[in-house]
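> Here you go, this is target_20.tsv (TSV, C-alpha atoms).
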chain	number	residue	atom	x	y	z
V	1	MET	CA	-22.02	-56.76	48.31
V	2	ALA	CA	-25.02	-54.80	47.09
V	3	VAL	CA	-23.56	-51.61	48.58
V	4	ALA	CA	-20.25	-52.11	46.75
V	5	PHE	CA	-22.11	-52.67	43.50
V	6	THR	CA	-24.12	-49.50	44.03
V	7	LYS	CA	-21.04	-47.42	44.76
V	8	GLU	CA	-19.28	-48.75	41.67
V	9	GLU	CA	-22.31	-48.02	39.53
V	10	SER	CA	-22.56	-44.51	40.98
V	11	PHE	CA	-18.87	-43.88	40.30
V	12	GLU	CA	-19.26	-45.08	36.70
V	13	THR	CA	-22.35	-42.95	36.25
V	14	ALA	CA	-20.60	-39.91	37.67
V	15	SER	CA	-17.68	-40.34	35.29
V	16	GLU	CA	-20.11	-40.63	32.37
V	17	THR	CA	-21.87	-37.41	33.34
V	18	LEU	CA	-18.76	-35.27	33.70
V	19	LEU	CA	-18.32	-34.39	30.06
V	20	PRO	CA	-15.66	-31.82	29.23
V	21	ASP	CA	-16.98	-28.53	27.89
V	22	ARG	CA	-16.95	-28.03	24.15
V	23	PRO	CA	-13.99	-25.81	23.26
V	24	VAL	CA	-14.87	-22.16	22.67
V	25	SER	CA	-12.83	-20.33	20.07
V	26	PRO	CA	-10.62	-17.45	21.20
V	27	HIS	CA	-11.63	-15.47	18.07
V	28	PRO	CA	-14.44	-12.90	18.09
V	29	ASN	CA	-17.77	-14.68	17.64
V	30	LEU	CA	-18.88	-12.99	14.42
V	31	VAL	CA	-22.17	-14.30	13.03
V	32	THR	CA	-24.46	-13.70	10.09
V	33	GLU	CA	-28.19	-13.34	10.71
V	34	ALA	CA	-28.66	-16.98	9.64
V	35	GLY	CA	-25.81	-18.03	11.94
V	36	LEU	CA	-27.42	-16.29	14.92
V	37	LYS	CA	-30.76	-17.99	14.20
V	38	ALA	CA	-28.99	-21.36	13.93
V	39	LEU	CA	-27.32	-20.81	17.33
V	40	GLU	CA	-30.69	-19.92	18.85
V	41	LEU	CA	-32.25	-23.06	17.36
V	42	GLN	CA	-29.42	-25.28	18.60
V	43	PHE	CA	-29.78	-23.76	22.07
V	44	ARG	CA	-33.54	-24.46	22.07
V	45	GLU	CA	-32.96	-28.04	20.86
V	46	ALA	CA	-30.39	-28.67	23.59
V	47	ARG	CA	-32.82	-27.20	26.15
V	48	GLU	CA	-35.61	-29.48	24.93
V	49	ALA	CA	-33.32	-32.55	25.03
V	50	TYR	CA	-32.27	-31.61	28.57
V	51	ASP	CA	-35.88	-31.13	29.69
V	52	VAL	CA	-36.91	-34.51	28.22
V	53	ALA	CA	-33.98	-36.32	29.84
V	54	ASN	CA	-34.48	-34.55	33.15
V	55	ILE	CA	-37.84	-36.28	33.77
V	56	ILE	CA	-36.31	-39.77	33.72
V	57	GLU	CA	-37.02	-41.33	37.10
V	58	ASP	CA	-33.85	-43.43	37.49
V	59	VAL	CA	-31.27	-40.96	38.79
V	60	ASN	CA	-28.29	-42.70	37.17
V	61	GLU	CA	-29.98	-42.88	33.78
V	62	ARG	CA	-31.13	-39.26	34.13
V	63	ARG	CA	-27.52	-38.18	34.78
V	64	ARG	CA	-26.34	-40.09	31.72
V	65	GLN	CA	-29.06	-38.70	29.48
V	66	THR	CA	-28.71	-35.07	30.61
V	67	ALA	CA	-24.92	-34.92	30.32
V	68	THR	CA	-24.69	-34.11	26.61
V	69	PRO	CA	-27.59	-31.64	26.45
V	70	LEU	CA	-26.26	-29.86	29.55
V	71	ARG	CA	-22.81	-29.53	27.99
V	72	ASP	CA	-24.41	-28.25	24.76
V	73	LEU	CA	-26.52	-25.76	26.70
V	74	ARG	CA	-23.38	-24.30	28.29
V	75	TYR	CA	-21.68	-24.06	24.89
V	76	PHE	CA	-24.59	-22.48	23.02
V	77	ALA	CA	-25.34	-20.08	25.89
V	78	ALA	CA	-21.73	-18.87	25.74
V	79	ARG	CA	-21.85	-18.56	21.95
V	80	LEU	CA	-25.12	-16.62	22.04
V	81	ARG	CA	-23.81	-14.35	24.80
V	82	THR	CA	-20.71	-13.47	22.75
V	83	ALA	CA	-22.32	-13.39	19.29
V	84	GLN	CA	-21.61	-10.25	17.28
V	85	LEU	CA	-24.19	-9.91	14.51
V	86	MET	CA	-22.44	-8.60	11.43
V	87	PRO	CA	-24.29	-6.53	8.84
V	88	GLU	CA	-24.55	-7.79	5.28
V	89	PRO	CA	-21.55	-6.62	3.22
V	90	ALA	CA	-22.10	-3.12	1.85
V	91	SER	CA	-20.43	-3.94	-1.46
V	92	ALA	CA	-18.85	-6.68	-3.48
V	93	ASP	CA	-15.73	-4.66	-4.34
V	94	ALA	CA	-13.56	-6.56	-1.86
V	95	VAL	CA	-14.00	-9.85	0.00
V	96	ALA	CA	-15.50	-9.30	3.45
V	97	PHE	CA	-17.34	-11.25	6.12
V	98	GLY	CA	-20.65	-12.43	4.65
V	99	ASN	CA	-19.54	-12.23	1.01
V	100	THR	CA	-19.61	-15.18	-1.33
V	101	VAL	CA	-16.34	-15.48	-3.19
V	102	THR	CA	-15.53	-17.58	-6.24
V	103	PHE	CA	-11.93	-18.42	-7.06
V	104	ARG	CA	-10.02	-20.55	-9.52
V	105	ARG	CA	-7.20	-22.84	-8.42
V	106	ASP	CA	-4.04	-23.60	-10.42
V	107	ASP	CA	-5.47	-26.96	-11.44
V	108	GLY	CA	-8.51	-25.27	-13.01
V	109	ARG	CA	-10.99	-26.10	-10.25
V	110	VAL	CA	-13.44	-23.32	-9.48
V	111	GLN	CA	-14.74	-23.09	-5.92
V	112	THR	CA	-17.33	-20.84	-4.32
V	113	TYR	CA	-17.63	-20.21	-0.59
V	114	ARG	CA	-19.51	-17.80	1.62
V	115	ILE	CA	-17.39	-16.41	4.46
V	116	VAL	CA	-19.28	-16.84	7.73
V	117	GLY	CA	-18.83	-17.33	11.48
V	118	GLU	CA	-17.10	-20.36	12.96
V	119	ASP	CA	-20.24	-22.14	14.18
V	120	GLU	CA	-22.02	-21.86	10.85
V	121	ALA	CA	-19.08	-22.84	8.62
V	122	ASP	CA	-19.67	-25.97	6.55
V	123	PRO	CA	-17.30	-26.31	3.59
V	124	LYS	CA	-19.36	-29.15	2.08
V	125	ALA	CA	-22.36	-26.81	2.04
V	126	GLY	CA	-20.34	-23.92	0.57
V	127	SER	CA	-19.37	-21.86	3.61
V	128	ILE	CA	-16.05	-21.36	5.37
V	129	SER	CA	-15.13	-19.68	8.62
V	130	TYR	CA	-13.69	-16.19	8.47
V	131	VAL	CA	-10.72	-17.46	10.50
V	132	SER	CA	-9.91	-20.30	8.09
V	133	PRO	CA	-6.59	-19.94	6.26
V	134	VAL	CA	-8.22	-19.48	2.84
V	135	ALA	CA	-10.72	-16.89	4.10
V	136	ARG	CA	-7.95	-14.94	5.82
V	137	LEU	CA	-6.00	-14.81	2.56
V	138	LEU	CA	-9.04	-13.69	0.57
V	139	MET	CA	-10.33	-11.00	2.93
V	140	GLY	CA	-9.84	-7.51	1.53
V	141	LYS	CA	-8.92	-8.77	-1.94
V	142	ALA	CA	-10.77	-7.86	-5.16
V	143	VAL	CA	-11.73	-9.66	-8.36
V	144	GLY	CA	-8.56	-10.44	-10.31
V	145	ASP	CA	-6.34	-10.60	-7.23
V	146	VAL	CA	-4.24	-13.71	-6.77
V	147	VAL	CA	-3.25	-15.19	-3.40
V	148	GLU	CA	-0.96	-18.11	-2.66
V	149	THR	CA	-1.68	-20.94	-0.28
V	150	GLY	CA	0.15	-24.22	0.10
V	151	GLY	CA	2.21	-23.61	-3.03
V	152	GLN	CA	-0.94	-23.05	-5.07
V	153	GLU	CA	-2.38	-19.84	-6.45
V	154	LEU	CA	-6.03	-18.83	-6.10
V	155	GLU	CA	-7.43	-16.18	-8.43
V	156	ILE	CA	-10.58	-14.38	-7.32
V	157	ILE	CA	-13.05	-14.41	-10.20
V	158	ALA	CA	-16.26	-13.19	-8.49
V	159	ILE	CA	-17.49	-11.62	-5.28
V	160	ALA	CA	-21.17	-11.45	-4.36
Since I need it in another form, could you write the structure as structure tokens?

Amino acid sequence: MAVAFTKEESFETASETLLPDRPVSPHPNLVTEAGLKALELQFREAREAYDVANIIEDVNERRRQTATPLRDLRYFAARLRTAQLMPEPASADAVAFGNTVTFRRDDGRVQTYRIVGEDEADPKAGSISYVSPVARLLMGKAVGDVVETGGQELEIIAIA
């Protein structure tokens, strides 16, 4: 009976430790300098979490505790390996990767976003991915240009 219990526990533990990899975008991994530093920090944090969990004596608990950091290590290693550091935009004449763009919506709302890489995008914090629908529409446009999205017009009022 004890052997059956052990095998069941080991099977459950194994299934808990086989986490699927985090999806990696098929788009080029463009990053700003801050985005590259953030990836490096996240890699180091995942490494530290893995190292801490890896010293747990109980093998089943160690497997459970290392599963997430190990998955994150694989993800961040891949993202660092493929990162393409983009230079700061040379001008603010047209919207480009790294620019901050301000636009006005039909309803009068004014929004400002910096166009950044996928891993560093955080719309609540004022940044959107260069592959997002809005960023794709805005890229290459100048102040005064109007683009349409979802039946709504966006007018570019500033580029920095």
> Compare V:Thr66, V:Ser25, V:Thr112, V:Thr149 by their minimum atom-to-atom distance to Leu137 (chain V), counting only C-alpha atoms, and give me the closest one.
V:Thr149
> Between CA of Thr100 (chain V) and CA of Ala142 (chain V), what is the spacing in Å?
12.1 Å
> Show me the residues close to (-23.4, -29.8, 30.2) - anything with an atom within 10 Å, counting only C-alpha atoms - and format the list as number ranges by chain.
V: 17-22, 46, 50, 66-75
> Write out as a list of chain:residue names the residues lying within 8 Å of Asp145 (chain V), counting all atoms listed in the file and excluding same-chain residues fewer than 3 positions away.
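Answer for this query is V:Lys141, V:Ala142, V:Glu155, V:Ile156.
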> Output C-alpha atoms for every residue in the selection just made, as a PDB file, in the coordinates of the input.

ATOM      1  CA  LYS V 141      -8.920  -8.770  -1.940  1.00  0.00           C
ATOM      2  CA  ALA V 142     -10.770  -7.860  -5.160  1.00  0.00           C
ATOM      3  CA  GLU V 155      -7.430 -16.180  -8.430  1.00  0.00           C
ATOM      4  CA  ILE V 156     -10.580 -14.380  -7.320  1.00  0.00           C
TER       5      ILE V 156
END
> Which is closest to Ile159 (chain V) among V:Ala94, V:Leu30, V:Ile115, V:Ala78, if we use all atoms listed in the file?
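Of all the options, V:Ala94 lies closest to Ile159 (chain V).
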> Any idea what the distance is between CA of Ala121 (chain V) and CA of Gly144 (chain V)?
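One can read the CA of Ala121 (chain V) to CA of Gly144 (chain V) distance as 25.0 Å.
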> Which of these, V:Pro123, V:Pro133, V:Gly140, V:Gly108, has the shortest distance to Val95 (chain V) once you count all atoms listed in the file?
V:Gly140
> Record the distance separating CA of Tyr130 (chain V) and CA of Arg47 (chain V), expressed in Å with one decimal.
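About the pair CA of Tyr130 (chain V) and CA of Arg47 (chain V): they are 28.3 Å apart.
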> If you count all atoms listed in the file, which residues fall within 12 Å of Arg109 (chain V), apart from same-chain ones fewer than 4 positions away, as a VMD selection string?
chain V and resid 102 to 105 152 to 155 157
> Skip Ser129 (chain V) itself and residues of its chain fewer than 2 positions away, then list as a count of residues only all residues within 8 Å of it, counting all atoms listed in the file.
11
> Pick out the closest residue to Phe97 (chain V) from this set: V:Lys37, V:Lys124, V:Arg44, V:Arg114. Count all atoms listed in the file.
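That would be V:Arg114, the residue with the smallest distance to Phe97 (chain V).
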> Of the candidates V:Ile128, V:Val110, V:Met139, V:Val101, which shows the shortest atom-to-atom distance to Ala158 (chain V), using only C-alpha atoms?
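Among V:Ile128, V:Val110, V:Met139, V:Val101, it is V:Val101 that comes nearest to Ala158 (chain V).
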